Structure formats: C-alpha cells, structure tokens
>>> print(open('input.txt').read())   # compact mmCIF, C-alpha atoms
# COMPACT_ATOMS: atom_id res chain seq x y z
CA MET A 1 -0.02 -25.17 -41.19
CA LEU A 2 -1.69 -24.74 -44.58
CA LYS A 3 -4.41 -27.16 -43.53
CA LEU A 4 -5.10 -25.04 -40.43
CA TYR A 5 -5.54 -21.94 -42.58
CA LEU A 6 -7.85 -23.89 -44.88
CA LEU A 7 -9.92 -25.13 -41.95
CA PHE A 8 -10.19 -21.60 -40.58
CA THR A 9 -11.32 -20.30 -44.00
CA VAL A 10 -13.90 -23.07 -44.22
CA LEU A 11 -15.14 -22.15 -40.74
CA ILE A 12 -15.57 -18.50 -41.77
CA LEU A 13 -17.30 -19.33 -45.06
CA LEU A 14 -19.67 -22.00 -43.80
CA ASN A 15 -20.60 -20.36 -40.53
CA ALA A 16 -23.54 -17.98 -40.59
CA CYS A 17 -23.36 -16.23 -37.26
CA GLN A 18 -24.27 -12.58 -37.06
CA ALA A 19 -23.27 -9.69 -34.82
CA ALA A 20 -25.66 -9.35 -31.90
CA LYS A 21 -25.67 -5.59 -32.41
CA ASP A 22 -27.54 -6.01 -35.72
CA GLY A 23 -30.20 -8.06 -33.99
CA LEU A 24 -30.59 -5.78 -31.02
CA THR A 25 -30.77 -2.62 -33.09
CA GLY A 26 -33.38 -4.21 -35.34
CA LYS A 27 -31.18 -3.90 -38.41
CA LYS A 28 -31.67 -7.49 -39.48
CA ARG A 29 -34.80 -8.41 -37.63
CA SER A 30 -37.60 -10.07 -39.56
CA ASN A 31 -40.33 -7.54 -40.13
CA ALA A 32 -42.35 -7.84 -43.30
CA ASP A 33 -44.82 -5.07 -42.38
CA GLU A 34 -42.52 -2.34 -43.58
CA PHE A 35 -43.03 -3.53 -47.14
CA LEU A 36 -46.79 -3.20 -46.83
CA VAL A 37 -46.58 0.54 -46.27
CA GLU A 38 -47.45 2.31 -49.50
CA LYS A 39 -45.52 5.35 -50.50
CA LYS A 40 -47.58 8.53 -50.83
CA ASN A 41 -47.35 10.50 -54.04
CA PRO A 42 -45.88 13.98 -53.79
CA LEU A 43 -48.35 16.85 -53.52
CA VAL A 44 -49.13 18.48 -56.89
CA LEU A 45 -51.56 21.21 -57.99
CA PRO A 46 -54.65 19.94 -59.83
CA PRO A 47 -54.83 20.63 -63.60
CA ASN A 48 -56.28 24.07 -64.62
CA PHE A 49 -55.91 25.21 -61.03
CA GLY A 50 -55.21 28.78 -62.24
CA ASP A 51 -58.51 28.99 -64.13
CA LEU A 52 -60.61 28.42 -61.04
CA PRO A 53 -62.36 31.45 -59.44
CA THR A 54 -61.20 32.70 -56.08
CA PRO A 55 -64.23 32.47 -53.79
CA GLU A 56 -62.26 33.43 -50.70
CA GLN A 57 -61.50 36.95 -52.00
CA LYS A 58 -65.09 38.23 -51.54
CA LYS A 59 -65.27 36.82 -48.08
CA ILE A 60 -62.12 38.59 -47.11
CA THR A 61 -63.50 41.93 -48.36
CA ASN A 62 -66.75 41.39 -46.44
CA GLU A 63 -64.80 40.56 -43.35
CA GLU A 64 -62.67 43.65 -43.79
CA GLU A 65 -65.80 45.79 -44.14
CA ASN A 66 -67.30 44.30 -41.00
CA ASN A 67 -64.09 44.96 -39.16
CA ASN A 68 -64.08 48.59 -40.30
CA GLU A 69 -67.68 49.03 -39.22
CA ILE A 70 -66.92 47.64 -35.79
CA GLN A 71 -63.89 49.89 -35.50
CA ASN A 72 -65.98 52.91 -36.52
CA LEU A 73 -68.58 52.06 -33.95
CA PHE A 74 -65.98 51.75 -31.25
CA SER A 75 -64.27 54.97 -32.26
CA LYS A 76 -67.63 56.78 -32.24
CA ASP A 77 -68.46 55.43 -28.83
CA ILE A 78 -65.07 56.39 -27.49
CA LYS A 79 -65.43 59.92 -28.89
CA SER A 80 -68.89 60.40 -27.40
CA LEU A 81 -67.67 59.02 -24.08
CA GLU A 82 -64.76 61.42 -24.07
CA GLU A 83 -67.01 64.35 -24.91
CA SER A 84 -69.49 63.47 -22.19
CA GLU A 85 -66.67 63.07 -19.69
CA ILE A 86 -65.22 66.43 -20.64
CA SER A 87 -68.61 68.12 -20.35
CA SER A 88 -69.37 66.45 -17.04
CA SER A 89 -65.96 67.37 -15.69
CA ASN A 90 -66.48 71.02 -16.79
CA SER A 91 -69.86 71.23 -15.07
CA ASN A 92 -68.37 69.75 -11.91
CA ILE A 93 -65.62 72.35 -11.85
CA GLU A 94 -68.14 75.17 -12.36
CA GLU A 95 -70.27 73.89 -9.52
CA SER A 96 -67.33 73.57 -7.20
CA VAL A 97 -66.11 77.08 -8.02
CA LEU A 98 -69.61 78.46 -7.46
CA LYS A 99 -69.88 76.72 -4.13
CA LYS A 100 -66.58 78.09 -3.00
CA ILE A 101 -67.61 81.63 -3.98
CA LYS A 102 -70.88 81.26 -2.15
CA ASN A 103 -69.13 80.04 0.97
CA LYS A 104 -66.84 83.05 1.00
CA MET B 1 -23.11 -49.18 -49.67
CA THR B 2 -21.57 -50.51 -46.44
CA LYS B 3 -23.02 -50.30 -42.95
CA SER B 4 -20.54 -47.63 -41.89
CA ASN B 5 -21.53 -45.51 -44.90
CA ILE B 6 -25.19 -45.73 -43.91
CA PHE B 7 -24.26 -44.70 -40.37
CA ASP B 8 -22.26 -41.74 -41.77
CA PHE B 9 -25.16 -40.51 -43.88
CA LEU B 10 -27.60 -40.99 -41.01
CA PHE B 11 -25.30 -38.96 -38.74
CA ILE B 12 -25.12 -36.13 -41.31
CA PHE B 13 -28.88 -36.33 -41.86
CA PHE B 14 -29.50 -36.20 -38.09
CA ILE B 15 -27.46 -32.96 -37.80
CA PHE B 16 -29.27 -31.50 -40.80
CA LEU B 17 -32.67 -32.53 -39.38
CA PHE B 18 -31.87 -31.21 -35.89
CA ASP B 19 -30.87 -27.87 -37.40
CA ARG B 20 -33.94 -27.72 -39.63
CA LEU B 21 -36.34 -28.56 -36.79
CA SER B 22 -34.82 -25.86 -34.57
CA LYS B 23 -35.15 -23.28 -37.36
CA VAL B 24 -38.72 -24.29 -38.26
CA LEU B 25 -39.67 -24.15 -34.58
CA ILE B 26 -38.23 -20.67 -34.02
CA LEU B 27 -39.75 -19.38 -37.28
CA ASN B 28 -43.19 -20.71 -36.30
CA ILE B 29 -42.96 -19.25 -32.80
CA THR B 30 -41.90 -15.82 -34.07
CA GLU B 31 -44.61 -15.86 -36.73
CA LYS B 32 -47.37 -16.74 -34.23
CA SER B 33 -46.23 -14.43 -31.44
CA GLU B 34 -45.16 -11.62 -33.86
CA LYS B 35 -42.06 -11.18 -31.73
CA SER B 36 -38.44 -11.83 -32.68
CA PHE B 37 -36.98 -11.67 -29.17
CA PHE B 38 -37.47 -14.20 -26.36
CA GLU B 39 -35.64 -14.19 -23.05
CA ILE B 40 -35.00 -17.82 -22.10
CA THR B 41 -32.53 -17.52 -19.20
CA SER B 42 -30.32 -14.81 -17.69
CA PHE B 43 -27.59 -15.66 -20.23
CA LEU B 44 -29.59 -16.98 -23.22
CA ASN B 45 -32.02 -15.19 -25.50
CA PHE B 46 -33.65 -16.29 -28.71
CA THR B 47 -33.34 -13.36 -31.14
CA LEU B 48 -34.29 -14.10 -34.73
CA ILE B 49 -32.19 -12.31 -37.32
CA TRP B 50 -31.44 -13.14 -40.94
CA ASN B 51 -27.88 -13.39 -42.23
CA ASP B 52 -27.29 -13.16 -45.98
CA GLY B 53 -23.51 -13.07 -45.60
CA ILE B 54 -20.99 -15.43 -44.02
CA ALA B 55 -19.59 -15.71 -40.48
CA PHE B 56 -19.79 -12.62 -38.25
CA GLY B 57 -22.16 -11.01 -40.77
CA LEU B 58 -19.26 -10.51 -43.22
CA PHE B 59 -20.02 -9.94 -46.93
CA SER B 60 -23.60 -9.09 -46.14
CA PHE B 61 -24.44 -6.94 -49.14
CA ASN B 62 -27.63 -6.30 -51.05
CA ASP B 63 -25.97 -7.29 -54.32
CA LYS B 64 -27.79 -10.38 -55.66
CA LEU B 65 -24.92 -11.39 -57.95
CA PHE B 66 -22.44 -11.36 -55.07
CA TYR B 67 -24.83 -13.41 -52.95
CA ASN B 68 -25.21 -16.01 -55.73
CA LEU B 69 -21.43 -16.22 -56.23
CA LEU B 70 -20.97 -16.69 -52.49
CA THR B 71 -23.61 -19.45 -52.47
CA ILE B 72 -21.89 -21.21 -55.40
CA LEU B 73 -18.55 -20.99 -53.55
CA ILE B 74 -20.13 -22.49 -50.43
CA MET B 75 -21.68 -25.28 -52.53
CA LEU B 76 -18.26 -26.09 -53.99
CA ILE B 77 -16.71 -26.21 -50.50
CA VAL B 78 -19.51 -28.52 -49.33
CA ILE B 79 -18.86 -30.86 -52.29
CA ILE B 80 -15.10 -30.87 -51.56
CA ILE B 81 -15.76 -31.59 -47.86
CA PHE B 82 -18.05 -34.46 -48.89
CA PHE B 83 -15.30 -36.15 -50.91
CA VAL B 84 -12.66 -35.48 -48.23
CA MET B 85 -15.05 -36.94 -45.63
CA ILE B 86 -15.48 -40.17 -47.65
CA ARG B 87 -11.69 -40.65 -47.76
CA SER B 88 -11.06 -39.80 -44.11
CA LYS B 89 -11.25 -42.14 -41.11
CA GLY B 90 -11.91 -42.15 -37.38
CA TYR B 91 -12.33 -38.86 -35.51
CA GLU B 92 -11.32 -36.90 -38.59
CA LYS B 93 -14.33 -38.37 -40.41
CA ILE B 94 -16.63 -37.42 -37.52
CA GLY B 95 -15.26 -33.85 -37.69
CA PHE B 96 -15.93 -33.61 -41.41
CA MET B 97 -19.40 -35.12 -40.97
CA MET B 98 -20.28 -32.49 -38.36
CA VAL B 99 -19.07 -29.73 -40.71
CA LEU B 100 -20.98 -31.26 -43.62
CA GLY B 101 -24.25 -31.67 -41.69
CA GLY B 102 -24.13 -28.10 -40.41
CA SER B 103 -23.10 -26.60 -43.74
CA LEU B 104 -25.91 -28.45 -45.52
CA GLY B 105 -28.36 -26.94 -43.01
CA ASN B 106 -27.14 -23.40 -43.70
CA LEU B 107 -26.94 -24.05 -47.46
CA PHE B 108 -30.58 -25.20 -47.48
CA ASP B 109 -31.64 -21.85 -45.96
CA ARG B 110 -29.48 -19.94 -48.42
CA LEU B 111 -31.23 -21.64 -51.33
CA ILE B 112 -34.78 -21.56 -49.93
CA TYR B 113 -34.94 -18.28 -47.94
CA SER B 114 -31.97 -16.48 -49.56
CA SER B 115 -30.57 -15.93 -46.05
CA VAL B 116 -29.81 -17.93 -42.94
CA PRO B 117 -31.87 -17.50 -39.76
CA ASP B 118 -29.79 -17.06 -36.60
CA PHE B 119 -31.44 -17.08 -33.21
CA ILE B 120 -29.20 -18.34 -30.37
CA ASP B 121 -28.05 -15.24 -28.50
CA LEU B 122 -25.64 -15.99 -25.65
CA HIS B 123 -24.75 -13.05 -23.46
CA TYR B 124 -23.16 -12.17 -20.15
CA ASN B 125 -24.71 -9.02 -18.72
CA ASP B 126 -24.26 -6.46 -21.52
CA PHE B 127 -21.68 -8.46 -23.46
CA ASN B 128 -23.35 -10.22 -26.40
CA TRP B 129 -21.61 -12.98 -28.36
CA PHE B 130 -22.48 -13.42 -32.03
CA ILE B 131 -25.99 -14.71 -32.71
CA PHE B 132 -25.77 -18.18 -34.26
CA ASN B 133 -27.84 -21.30 -35.03
CA VAL B 134 -27.59 -25.07 -34.46
CA ALA B 135 -25.76 -25.61 -37.78
CA ASP B 136 -23.09 -23.11 -36.72
CA ILE B 137 -22.55 -25.09 -33.50
CA PHE B 138 -21.86 -28.31 -35.43
CA ILE B 139 -19.64 -26.55 -38.01
CA THR B 140 -17.58 -24.89 -35.27
CA LEU B 141 -17.28 -28.08 -33.20
CA GLY B 142 -16.29 -30.06 -36.31
CA ILE B 143 -13.62 -27.54 -37.34
CA LEU B 144 -12.29 -27.34 -33.75
CA LEU B 145 -12.05 -31.13 -33.69
CA LEU B 146 -10.18 -31.13 -37.02
CA ILE B 147 -7.80 -28.38 -35.82
CA TYR B 148 -7.18 -30.31 -32.60
CA LEU B 149 -6.46 -33.52 -34.55
CA GLU B 150 -4.19 -31.66 -36.97
CA LEU B 151 -2.15 -30.14 -34.14
CA PHE B 152 -1.86 -33.36 -32.11
CA LYS B 153 -1.23 -35.59 -35.13
CA LYS B 154 1.76 -33.41 -36.03
CA GLU B 155 3.05 -33.50 -32.46
CA ASN B 156 2.79 -37.30 -32.35
CA ALA B 157 4.44 -37.75 -35.74
>>> encode(input="input.txt", output="structure tokens")
Amino acid sequence: MLKLYLLFTVLILLNACQAAKDGLTGKKRSNADEFLVEKKNPLVLPPNFGDLPTPEQKKITNEEENNNEIQNLFSKDIKSLEESEISSSNSNIEESVLKKIKNK
Amino acid sequence: MTKSNIFDFLFIFFIFLFDRLSKVLILNITEKSEKSFFEITSFLNFTLIWNDGIAFGLFSFNDKLFYNLLTILIMLIVIIIFFVMIRSKGYEKIGFMMVLGGSLGNLFDRLIYSSVPDFIDLHYNDFNWFIFNVADIFITLGILLLIYLELFKKENA
C-alpha cells in the first residue's frame, strides 16, 4: 500500500499538466508582447510652473468685452424694435378710431 | 555495459527525444503563426500554456526559491527512479523507464525554460481535461503500469 502512495506522489510531482481553464482564459498563455509595453510616468507639473505668465487671462477679458458689446447691441436693437412697434401700434389705433368716427 | 542496458537507455532516450521534438515543433509553430491555440479535431486542440508548478498546475507560484526547491526535489526523485529502474526487471523496468524518460523531458524544460510547455488539450464539448504534453503521457502510463503490477503481484502472491 505504501508503494502505491509513493507511486501516486511521484505521478503528481513529475507530471506537469495544467488546468485547461488557465489556458483558455489566457492566464498562462505565452505572450511576450506585454513586457514590451513601457509604463508611462505619472503626470507632473513642470518646474517653475507658477512663475510663468498667464496669457489666457487677457484673452478671456477680451472675449468678455466682445460678449458684452454684442449683448448691448442686441439689447439696443430690441429696445428700438419695441419702441417702433409701440409707436406703430399707437398710430394704427388712432387711425382706426378716426375711421370709425368718420363712418358714424 | 550489456546489450539490455543499451536497449534500456535507448528506450529512455527515445521517449525523451519524442517529447522534445513535439515541444520544439509546437513552440516553432506558435512562434511563426503568433497563435497559441489550434483546433485539430472536434475533441483535440493544441493550446500552448506554460506550467511552472507540478501536476494539475499545483504549486505554481512566482517565488523563485520555491521553484528551485521543487526542481531539486524532482531531480532527486529522478535519480532515485534511475537507481530503482536499474535494479528492477521485466514489465516493472519498462514502467520505470517510461517514467524516467518522461520526467527527464519535463526536467529539461524546467532547467532550460524555467517552466514546462503543455499543449495537448483533450475535450468533449465544453468539458476540458487538463492540458498536458507527451512526457506526461509516458509518466502517467508508466505509473499506471507500476500500480497495475503492484496490485496484481500482491494478488498472485
């Protein structure tokens, strides 16, 4: 019986079979390419980054100014339109009232 | 060295050579085709995987020291089997020779590649048996023969 145990132990130790699951899932598959991929360094701020001027700030102010100008233009146009509409509507009412009076 | 001894060593060398040729062939094919999976028949695939442990993927760790200790243990077992084989006779000797030839094939890979390539993938539909190599076939057949002889020798005695 001891010899059978020994033979079984020898079988386990000398055999080199592998679970099919490892092969099918790619766990133990031969693929050397993965080692060729270089790791990227983490992103860091360049030295003296704080001392650099901020060129974007001026642009933003210019853009804001442009936006304000456009808004002003639109608001002016809207106001003038409203005024003209009001005046035209007033004149129309006057005319209609006058016509009605005349007809009577 | 007697004639029978030469035959014994040639038999062991043939198993070793057969195993080596099969491994070299599959390694070359996978290297050229850049694939590690080949469907041969409806029940047989060739799937190349590397085993740095023992049977059934046991003791497959990344620890180098453990791997070296395991390899030394396997070398000791191979040496013991060699001496037992010399003393044995008949079918028992053939069993030990099969085990020795196969184990030398796997030991060679352990020393050269630091792991053993397995590629024979037998399966029935979705049921996959363990992936093994030619050396494993001879080791298993040899051990089965020795177990059979052990059981029947005792019954006859």
>>> residues_around(input="input.txt", residues="B:Arg110", least_positions_apart="4", cutoff="10 Å", atoms="all atoms listed in the file", output="list in words")
Asn51, Asp52, Gly53, Tyr67, Asn68, Leu70, Thr71, Ile74, Leu104, Gly105, Asn106, Ser114, Ser115, Val116 and Pro117 of chain B
>>> axis_aligned_box(input="input.txt", around="stretch 40-53 of chain A", padding_each_side="4 Å", output="AutoDock Vina command-line options")
--center_x -54.1 --center_y 20.0 --center_z -57.7 --size_x 24.5 --size_y 30.9 --size_z 21.8
>>> residues_near_point(input="input.txt", point="(-12.0, -24.8, -48.1)", cutoff="10 Å", atoms="only C-alpha atoms", output="number ranges by chain")
A: 3, 5-14; B: 73-74, 76-78, 80-81
>>> residues_around(input="input.txt", residues="B:Ile12", least_positions_apart="4", cutoff="8 Å", atoms="only C-alpha atoms", output="list in words")
Asp8, Phe16, Met97, Met98, Leu100 and Gly101 of chain B
>>> closest_atom_pairs(input="input.txt", of="chain B", to="chain A", cutoff="9 Å", atoms="only C-alpha atoms", output="Markdown table")
| residue | atom | partner | partner_atom | distance |
| --- | --- | --- | --- | --- |
| B:Glu34 | CA | A:Asn31 | CA | 8.9 |
| B:Ser36 | CA | A:Arg29 | CA | 7.0 |
| B:Phe37 | CA | A:Leu24 | CA | 8.9 |
| B:Thr47 | CA | A:Gly23 | CA | 6.8 |
| B:Leu48 | CA | A:Arg29 | CA | 6.4 |
| B:Ile49 | CA | A:Arg29 | CA | 4.7 |
| B:Trp50 | CA | A:Lys28 | CA | 5.8 |
| B:Asn51 | CA | A:Gln18 | CA | 6.4 |
| B:Asp52 | CA | A:Ala16 | CA | 8.1 |
| B:Gly53 | CA | A:Ala16 | CA | 7.0 |
| B:Ile54 | CA | A:Ala16 | CA | 5.0 |
| B:Ala55 | CA | A:Ala16 | CA | 4.6 |
| B:Phe56 | CA | A:Gln18 | CA | 4.6 |
| B:Gly57 | CA | A:Gln18 | CA | 4.5 |
| B:Leu58 | CA | A:Gln18 | CA | 8.2 |
| B:Leu70 | CA | A:Leu13 | CA | 8.7 |
| B:Leu73 | CA | A:Leu13 | CA | 8.7 |
| B:Ile74 | CA | A:Leu14 | CA | 6.7 |
| B:Ile77 | CA | A:Val10 | CA | 7.6 |
| B:Val78 | CA | A:Leu14 | CA | 8.6 |
| B:Val99 | CA | A:Leu14 | CA | 8.3 |
| B:Gly102 | CA | A:Leu14 | CA | 8.3 |
| B:Ser103 | CA | A:Leu14 | CA | 5.7 |
| B:Asn106 | CA | A:Ala16 | CA | 7.2 |
| B:Leu107 | CA | A:Leu14 | CA | 8.4 |
| B:Val116 | CA | A:Ala16 | CA | 6.7 |
| B:Pro117 | CA | A:Ala16 | CA | 8.4 |
| B:Asp118 | CA | A:Cys17 | CA | 6.5 |
| B:Asp121 | CA | A:Ala20 | CA | 7.2 |
| B:Asn128 | CA | A:Ala20 | CA | 6.0 |
| B:Trp129 | CA | A:Ala20 | CA | 6.5 |
| B:Phe130 | CA | A:Ala19 | CA | 4.7 |
| B:Ile131 | CA | A:Gln18 | CA | 5.1 |
| B:Phe132 | CA | A:Cys17 | CA | 4.3 |
| B:Asn133 | CA | A:Cys17 | CA | 7.1 |
| B:Ala135 | CA | A:Asn15 | CA | 7.9 |
| B:Asp136 | CA | A:Asn15 | CA | 5.3 |
| B:Ile137 | CA | A:Asn15 | CA | 8.7 |
| B:Ile139 | CA | A:Asn15 | CA | 6.8 |
| B:Thr140 | CA | A:Leu11 | CA | 6.6 |
| B:Ile143 | CA | A:Leu7 | CA | 6.4 |
| B:Leu144 | CA | A:Leu7 | CA | 8.8 |
| B:Leu146 | CA | A:Leu7 | CA | 7.8 |
| B:Ile147 | CA | A:Leu4 | CA | 6.3 |
| B:Glu150 | CA | A:Leu4 | CA | 7.5 |
| B:Leu151 | CA | A:Leu4 | CA | 8.6 |
>>> atom_distance(input="input.txt", atom1="atom CA of B:Phe46", atom2="atom CA of B:Phe18")
16.7 Å
>>> residues_near_point(input="input.txt", point="(-12.0, -33.6, -41.0)", cutoff="8 Å", atoms="all atoms listed in the file", output="PDB file with C-alpha atoms, keeping the file's coordinate frame")
ATOM      1  CA  VAL B  84     -12.660 -35.480 -48.230  1.00  0.00           C
ATOM      2  CA  MET B  85     -15.050 -36.940 -45.630  1.00  0.00           C
ATOM      3  CA  SER B  88     -11.060 -39.800 -44.110  1.00  0.00           C
ATOM      4  CA  TYR B  91     -12.330 -38.860 -35.510  1.00  0.00           C
ATOM      5  CA  GLU B  92     -11.320 -36.900 -38.590  1.00  0.00           C
ATOM      6  CA  LYS B  93     -14.330 -38.370 -40.410  1.00  0.00           C
ATOM      7  CA  ILE B  94     -16.630 -37.420 -37.520  1.00  0.00           C
ATOM      8  CA  GLY B  95     -15.260 -33.850 -37.690  1.00  0.00           C
ATOM      9  CA  PHE B  96     -15.930 -33.610 -41.410  1.00  0.00           C
ATOM     10  CA  MET B  97     -19.400 -35.120 -40.970  1.00  0.00           C
ATOM     11  CA  GLY B 142     -16.290 -30.060 -36.310  1.00  0.00           C
ATOM     12  CA  ILE B 143     -13.620 -27.540 -37.340  1.00  0.00           C
ATOM     13  CA  LEU B 145     -12.050 -31.130 -33.690  1.00  0.00           C
ATOM     14  CA  LEU B 146     -10.180 -31.130 -37.020  1.00  0.00           C
TER      15      LEU B 146
END
>>> atom_distance(input="input.txt", atom1="atom CA of B:Leu122", atom2="atom CA of B:Asn45")
6.4 Å
>>> atom_distance(input="input.txt", atom1="atom CA of B:Leu141", atom2="atom CA of B:Ile15")
12.2 Å
